[in-house]
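Data block for entry-v6.txt (compact mmCIF, C-alpha atoms and all ligand atoms):
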```txt
# COMPACT_ATOMS: atom_id res chain seq x y z
CA MET A 627 10.26 -1.63 5.16
CA LYS A 628 6.51 -2.03 4.93
CA LEU A 629 5.89 -3.13 1.36
CA ASP A 630 2.90 -4.53 -0.46
CA PHE A 631 3.57 -6.52 -3.61
CA HIS A 632 -0.04 -7.29 -4.48
CA SER A 633 -2.83 -4.78 -5.09
CA HIS A 634 -5.56 -3.94 -7.58
CA ILE A 635 -5.75 -0.21 -6.89
CA LEU A 636 -5.23 1.15 -10.40
CA PRO A 637 -8.45 2.71 -11.70
CA GLY A 638 -10.58 0.89 -14.25
CA LEU A 639 -8.17 -1.88 -15.25
CA ASP A 640 -9.64 -4.97 -13.63
CA ASP A 641 -11.99 -6.01 -10.80
CA GLY A 642 -10.22 -3.65 -8.38
CA ALA A 643 -10.51 0.15 -8.13
CA THR A 644 -13.44 1.36 -10.22
CA ASP A 645 -12.28 4.93 -10.83
CA LEU A 646 -9.61 7.38 -9.75
CA ALA A 647 -11.49 8.54 -6.63
CA ASN A 648 -11.89 4.94 -5.49
CA ALA A 649 -8.21 4.24 -6.26
CA VAL A 650 -7.16 7.20 -4.10
CA GLU A 651 -9.44 5.95 -1.30
CA LEU A 652 -7.88 2.47 -1.34
CA ALA A 653 -4.28 3.75 -1.54
CA SER A 654 -4.95 6.28 1.24
CA ALA A 655 -6.27 3.55 3.56
CA MET A 656 -3.16 1.45 2.93
CA THR A 657 -0.92 4.44 3.61
CA GLU A 658 -2.76 5.16 6.87
CA TRP A 659 -2.16 1.56 7.97
CA GLY A 660 1.55 2.14 7.45
CA PHE A 661 2.47 0.81 4.01
CA GLU A 662 5.41 2.79 2.63
CA ARG A 663 5.64 1.30 -0.85
CA ILE A 664 2.82 -0.27 -2.86
CA THR A 665 3.34 -2.29 -6.01
CA CYS A 666 0.27 -2.09 -8.24
CA THR A 667 -0.48 -5.47 -9.79
CA PRO A 668 -3.54 -5.39 -12.08
CA HIS A 669 -4.61 -8.74 -13.49
CA ILE A 670 -3.32 -9.95 -16.82
CA ASN A 671 -5.61 -12.85 -17.63
CA ALA A 672 -8.22 -14.01 -20.15
CA LEU A 673 -10.80 -11.54 -18.82
CA TYR A 674 -8.49 -8.55 -18.22
CA ARG A 675 -6.11 -8.29 -21.15
CA ASN A 676 -3.82 -5.69 -19.65
CA THR A 677 -0.39 -4.88 -21.03
CA PRO A 678 2.32 -2.49 -19.81
CA GLU A 679 0.80 0.04 -22.25
CA THR A 680 -2.68 -0.13 -20.69
CA ILE A 681 -1.30 -0.15 -17.15
CA ARG A 682 1.06 2.82 -17.42
CA PRO A 683 -1.51 5.64 -17.93
CA ALA A 684 -3.63 4.37 -15.00
CA PHE A 685 -0.50 4.09 -12.88
CA GLU A 686 0.58 7.64 -13.69
CA SER A 687 -2.89 9.03 -13.02
CA LEU A 688 -2.96 7.48 -9.54
CA GLN A 689 0.60 8.58 -8.80
CA GLU A 690 -0.32 12.16 -9.70
CA ALA A 691 -3.61 12.13 -7.76
CA LEU A 692 -1.84 10.87 -4.63
CA TYR A 693 0.84 13.53 -4.98
CA VAL A 694 -1.79 16.26 -5.35
CA LYS A 695 -3.65 14.96 -2.26
CA GLY A 696 -0.43 14.77 -0.25
CA VAL A 697 -0.67 10.99 0.28
CA ASP A 698 2.91 10.04 1.05
CA VAL A 699 3.47 6.59 -0.42
CA GLU A 700 5.73 5.23 -3.13
CA LEU A 701 3.95 3.48 -6.00
CA LYS A 702 5.51 0.83 -8.23
CA MET A 703 4.10 -0.74 -11.36
CA SER A 704 3.84 -4.44 -12.12
CA ALA A 705 1.05 -6.96 -12.75
CA GLU A 706 -0.48 -10.18 -11.48
CA TYR A 707 0.19 -12.68 -14.23
CA ARG A 708 -2.18 -15.64 -14.43
CA LEU A 709 -0.68 -18.87 -15.72
CA VAL A 710 -3.23 -19.48 -18.47
CA PRO A 711 -2.77 -20.12 -22.22
CA GLU A 712 -4.73 -16.98 -23.21
CA THR A 713 -2.17 -14.53 -21.85
CA TRP A 714 0.91 -16.14 -20.28
CA PRO A 715 2.72 -17.16 -23.54
CA GLU A 716 2.12 -13.64 -24.89
CA VAL A 717 3.53 -12.13 -21.69
CA LEU A 718 6.73 -14.13 -22.21
CA ASP A 719 6.85 -13.54 -25.94
CA LYS A 720 6.34 -9.78 -25.74
CA LYS A 721 8.48 -9.36 -22.61
CA TRP A 722 5.65 -7.90 -20.54
CA ILE A 723 7.18 -9.00 -17.24
CA MET A 724 7.67 -6.00 -14.95
CA PRO A 725 9.74 -7.36 -12.06
CA ILE A 726 8.79 -6.46 -8.49
CA GLU A 727 11.78 -5.13 -6.50
CA ASP A 728 13.94 -6.12 -9.50
CA LYS A 729 13.56 -9.87 -8.93
CA TYR A 730 10.06 -11.10 -8.17
CA ILE A 731 7.01 -11.81 -10.32
CA LEU A 732 3.47 -12.36 -9.05
CA THR A 733 2.18 -15.49 -10.82
CA GLU A 734 -1.31 -16.58 -9.88
CA LEU A 735 -3.34 -19.66 -10.74
CA PRO A 736 -7.07 -19.73 -11.53
CA ILE A 737 -9.01 -19.31 -8.26
CA SER A 738 -11.39 -22.26 -8.64
CA LYS A 739 -10.97 -23.91 -12.05
CA PRO A 740 -7.54 -25.52 -12.50
CA GLU A 741 -8.58 -26.72 -15.98
CA GLU A 742 -8.24 -23.09 -17.11
CA MET A 743 -4.47 -23.60 -17.00
CA GLY A 744 -4.80 -25.96 -19.97
CA TRP A 745 -1.36 -27.05 -21.09
CA VAL A 746 0.44 -24.52 -18.88
CA LYS A 747 2.25 -26.37 -16.07
CA PRO A 748 3.09 -24.16 -13.06
CA VAL A 749 6.20 -26.18 -12.08
CA GLU A 750 7.67 -25.75 -15.55
CA GLU A 751 6.88 -22.04 -15.60
CA PHE A 752 8.35 -21.50 -12.13
CA LYS A 753 11.56 -23.24 -13.23
CA ARG A 754 11.64 -21.13 -16.38
CA LEU A 755 11.30 -17.93 -14.34
CA LYS A 756 14.06 -19.02 -11.95
CA ALA A 757 16.31 -19.62 -14.97
CA MET A 758 15.49 -16.06 -16.06
CA GLY A 759 16.73 -14.78 -12.69
CA LEU A 760 13.25 -14.15 -11.30
CA THR A 761 11.59 -15.56 -8.19
CA PRO A 762 7.92 -16.38 -8.72
CA ILE A 763 5.58 -15.35 -5.91
CA LEU A 764 2.54 -17.62 -5.66
CA PRO A 765 -0.24 -15.48 -4.23
CA HIS A 766 -2.93 -16.75 -1.88
CA PRO A 767 -2.58 -20.56 -2.09
CA GLU A 768 -5.13 -20.57 0.76
CA ARG A 769 -7.75 -19.63 -1.84
CA TYR A 770 -6.98 -22.51 -4.25
CA PHE A 771 -9.09 -25.23 -2.67
CA TYR A 772 -8.17 -27.65 -5.48
CA LEU A 773 -4.50 -27.43 -4.62
CA SER A 774 -3.10 -30.28 -2.53
CA ARG A 775 -0.32 -29.66 -0.04
CA GLN A 776 1.86 -32.02 -2.09
CA GLU A 777 1.32 -29.96 -5.22
CA LEU A 778 1.99 -26.74 -3.33
CA MET A 779 5.29 -28.17 -2.07
CA SER A 780 6.25 -29.09 -5.65
CA PHE A 781 5.85 -25.39 -6.51
CA VAL A 782 8.09 -24.41 -3.60
CA GLU A 783 10.67 -26.98 -4.72
CA ALA A 784 10.54 -25.44 -8.22
CA GLY A 785 11.50 -22.09 -6.69
CA ALA A 786 8.21 -20.32 -5.96
CA VAL A 787 7.70 -18.47 -2.69
CA ILE A 788 4.33 -18.25 -0.99
CA GLN A 789 2.35 -15.08 -0.36
CA CYS A 790 -0.73 -15.21 1.86
CA ASN A 791 -3.33 -12.46 1.94
CA TYR A 792 -3.74 -10.43 5.14
CA GLY A 793 -7.46 -10.60 4.39
CA SER A 794 -7.43 -14.40 4.57
CA LEU A 795 -6.14 -14.24 8.14
CA GLY A 796 -8.86 -11.67 8.91
CA GLY A 797 -11.60 -13.94 7.53
CA LEU A 798 -12.28 -12.04 4.30
CA TYR A 799 -12.65 -15.21 2.22
CA GLY A 800 -14.30 -17.39 4.85
CA PRO A 801 -13.18 -19.90 7.49
CA GLU A 802 -11.60 -22.45 5.13
CA SER A 803 -9.14 -19.95 3.60
CA GLN A 804 -8.48 -18.54 7.05
CA LYS A 805 -7.57 -21.98 8.42
CA ILE A 806 -5.29 -22.83 5.49
CA ALA A 807 -3.54 -19.46 5.78
CA GLU A 808 -3.05 -19.92 9.53
CA ASP A 809 -1.63 -23.43 8.94
CA LEU A 810 0.80 -22.15 6.28
CA VAL A 811 1.98 -19.38 8.62
CA ARG A 812 2.40 -21.79 11.52
CA GLU A 813 4.43 -24.14 9.36
CA GLY A 814 6.76 -21.33 8.30
CA LEU A 815 5.90 -21.68 4.61
CA VAL A 816 4.89 -18.06 4.05
CA THR A 817 7.52 -15.65 2.69
CA PHE A 818 5.30 -12.65 1.98
CA PHE A 819 1.96 -11.21 2.96
CA GLY A 820 -0.07 -9.06 0.59
CA THR A 821 -3.22 -6.97 0.70
CA ASP A 822 -4.59 -8.09 -2.70
CA MET A 823 -6.54 -4.84 -2.24
CA HIS A 824 -9.63 -4.67 -4.47
CA ASN A 825 -12.34 -2.56 -2.82
CA LEU A 826 -13.77 -1.05 0.37
CA ARG A 827 -14.76 -4.45 1.77
CA TYR A 828 -11.06 -5.30 1.83
CA VAL A 829 -10.40 -1.98 3.59
CA LYS A 830 -12.96 -2.85 6.28
CA VAL A 831 -11.74 -6.40 6.97
CA MET A 832 -8.00 -5.60 6.85
CA GLY A 833 -8.54 -2.35 8.78
CA ASP A 834 -10.20 -4.34 11.58
CA TRP A 835 -7.42 -6.95 11.40
CA PHE A 836 -4.64 -4.38 11.79
CA ALA A 837 -6.64 -2.48 14.46
CA GLN A 838 -6.66 -5.70 16.53
CA GLY A 839 -2.90 -5.33 16.83
CA ASN A 840 -1.84 -7.60 13.98
CA PRO A 841 1.21 -6.00 12.40
CA ILE A 842 2.14 -5.31 8.80
CA ALA A 843 5.06 -7.59 7.93
CA GLU A 844 8.41 -5.93 7.21
CA PHE A 845 10.35 -7.13 4.17
FE FE B 901 -4.70 -10.31 -6.88
```

Take the structure in this file and express it as structure tokens.
Ligand SMILES: [Fe+2]
Amino acid sequence: MKLDFHSHILPGLDDGATDLANAVELASAMTEWGFERITCTPHINALYRNTPETIRPAFESLQEALYVKGVDVELKMSAEYRLVPETWPEVLDKKWIMPIEDKYILTELPISKPEEMGWVKPVEEFKRLKAMGLTPILPHPERYFYLSRQELMSFVEAGAVIQCNYGSLGGLYGPESQKIAEDLVREGLVTFFGTDMHNLRYVKVMGDWFAQGNPIAEF
């Protein structure tokens, strides 16, 4: 099945879809490409303090708008949890984890400033999640330029699986991310691909990428 586990298409919650019309536009493009089920994963981090309670109304509004427009895609609700002291302990404490496909959780790191993780150690958190019966998905390691291959492998050993962005392969984040993503794919380290859909620029780059004959991965 053509699934996407990583998208910011819920209106007004983070740096993704700005409003409901924009959210419908992004979800419609993904449906046209062939995605059959989309898990919505708004950020939960220091800047975007989302909770299941803030996410649910936006989720339901998009679900209803897509139904009214006849866009035939299944929507699921989760989040992209950043491993930072501002929000991650609260997520655990208040049981805000919404598993993807009953067993995965999207756990991102800061994009460019590892010091934002403070005392939170990804390896320990990945082991904790495994002990809880969840498999952590590490999104877009090709965008963490501070991350060494050795460190990345320590995450995999702790039980995390790697998700690259389709957009990285299509050059959305520049040549360096593209090269790292290609290397990870070639080495067989990538379990999932995701859209990480945010806006119409993503639609353009990924649309071109799929139009070139690159397929959507089946999970
Ligand atoms: Fe994301």

Edge lengths and centre in Å to one decimal, as lines of an AutoDock Vina configuration file, is what I'm after for the box along x, y and z that holds all listed atoms of stretch 652-663 of chain A once 3 Å is added on each side.
```
center_x = -1.1
center_y = 3.5
center_z = 3.2
size_x = 19.5
size_y = 11.5
size_z = 15.5
```

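Taking atom CA of A:Lys628 and atom CA of A:Ala843 as the two end points, the separation is 6.5 Å.
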
* To do: Please write out the residues within 9 Å of ligand FE 901 (chain B) as a PyMOL selection string, counting all atoms listed in the file.
  => chain A and resi 632-634+642+667-669+705-706+732+734+765-766+820-824

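Interatomic distance, atom CA of A:Glu700 against atom CA of A:Val811: 27.5 Å.
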
Quick one: residues within 7 Å of A:Leu646, all atoms listed in the file, excluding same-chain residues fewer than 2 positions away - as a PDB file with C-alpha atoms, in the frame of the given file?
```pdb
ATOM      1  CA  PRO A 637      -8.450   2.710 -11.700  1.00  0.00           C
ATOM      2  CA  ASN A 648     -11.890   4.940  -5.490  1.00  0.00           C
ATOM      3  CA  ALA A 649      -8.210   4.240  -6.260  1.00  0.00           C
ATOM      4  CA  VAL A 650      -7.160   7.200  -4.100  1.00  0.00           C
ATOM      5  CA  LEU A 688      -2.960   7.480  -9.540  1.00  0.00           C
TER       6      LEU A 688
END
```

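When all atoms listed in the file are used to measure the gap to A:Ser738, the shortest distance among A:Leu673, A:Ile664, A:Leu773, A:Val782 belongs to A:Leu773.
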
* Identify which of the residues A:Arg754, A:Lys805, A:Arg827, A:Lys747 lies closest to A:Arg708, counting only C-alpha atoms when measuring atom-to-atom distances. => A:Lys747

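Residue nearest A:Asn791, chosen from A:Asp834, A:Asp630, A:Glu813, A:Glu658 and counting only C-alpha atoms: A:Asp630.
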
Using all atoms listed in the file, which protein or nucleic acid residues come within 10 Å of A:Asp728? Drop anything in the same chain fewer than 5 positions from it, and give the result as a PDB file with C-alpha atoms, in the frame of the given file.
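The file below, result.pdb, is the result:
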```pdb
ATOM      1  CA  GLY A 759      16.730 -14.780 -12.690  1.00  0.00           C
ATOM      2  CA  LEU A 760      13.250 -14.150 -11.300  1.00  0.00           C
ATOM      3  CA  THR A 761      11.590 -15.560  -8.190  1.00  0.00           C
TER       4      THR A 761
END
```

* To do: Show which residues sit within 12 Å of A:Glu741, as a list in words. Count only C-alpha atoms, and ignore same-chain residues fewer than 3 positions away.
  =>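 These residues fall inside the cut-off: Leu709, Val710, Pro711, Leu735, Pro736, Ile737, Ser738, Gly744, Trp745, Val746, Lys747 and Tyr772 of chain A.
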
* To do: List the neighbours of A:Asp809 out to 12 Å using only C-alpha atoms; skip same-chain residues closer than 5 positions along the sequence, and give me the result as a PyMOL selection string.
  => chain A and resi 767-768+775+790+794-795+802-804+814-816

If you keep C-alpha atoms, can you produce a file of those selected residues as a short mmCIF file (atom, residue, chain, number, x, y, z; two decimals), in the frame of the given file?
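Now in selection04.cif:
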```
data_model
loop_
_atom_site.label_atom_id
_atom_site.label_comp_id
_atom_site.auth_asym_id
_atom_site.auth_seq_id
_atom_site.Cartn_x
_atom_site.Cartn_y
_atom_site.Cartn_z
CA PRO A 767 -2.58 -20.56 -2.09
CA GLU A 768 -5.13 -20.57 0.76
CA ARG A 775 -0.32 -29.66 -0.04
CA CYS A 790 -0.73 -15.21 1.86
CA SER A 794 -7.43 -14.40 4.57
CA LEU A 795 -6.14 -14.24 8.14
CA GLU A 802 -11.60 -22.45 5.13
CA SER A 803 -9.14 -19.95 3.60
CA GLN A 804 -8.48 -18.54 7.05
CA GLY A 814 6.76 -21.33 8.30
CA LEU A 815 5.90 -21.68 4.61
CA VAL A 816 4.89 -18.06 4.05
#
```

* Asked: atom CA of A:Arg812 and atom CA of A:Lys753, how far apart in Å?
  ->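 These two atoms are separated by 26.4 Å.
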
* Structure fact -> Counting only C-alpha atoms, closest pick from A:Ala672, A:Gly638, A:Lys695, A:Pro740 relative to A:Ser774 is A:Pro740
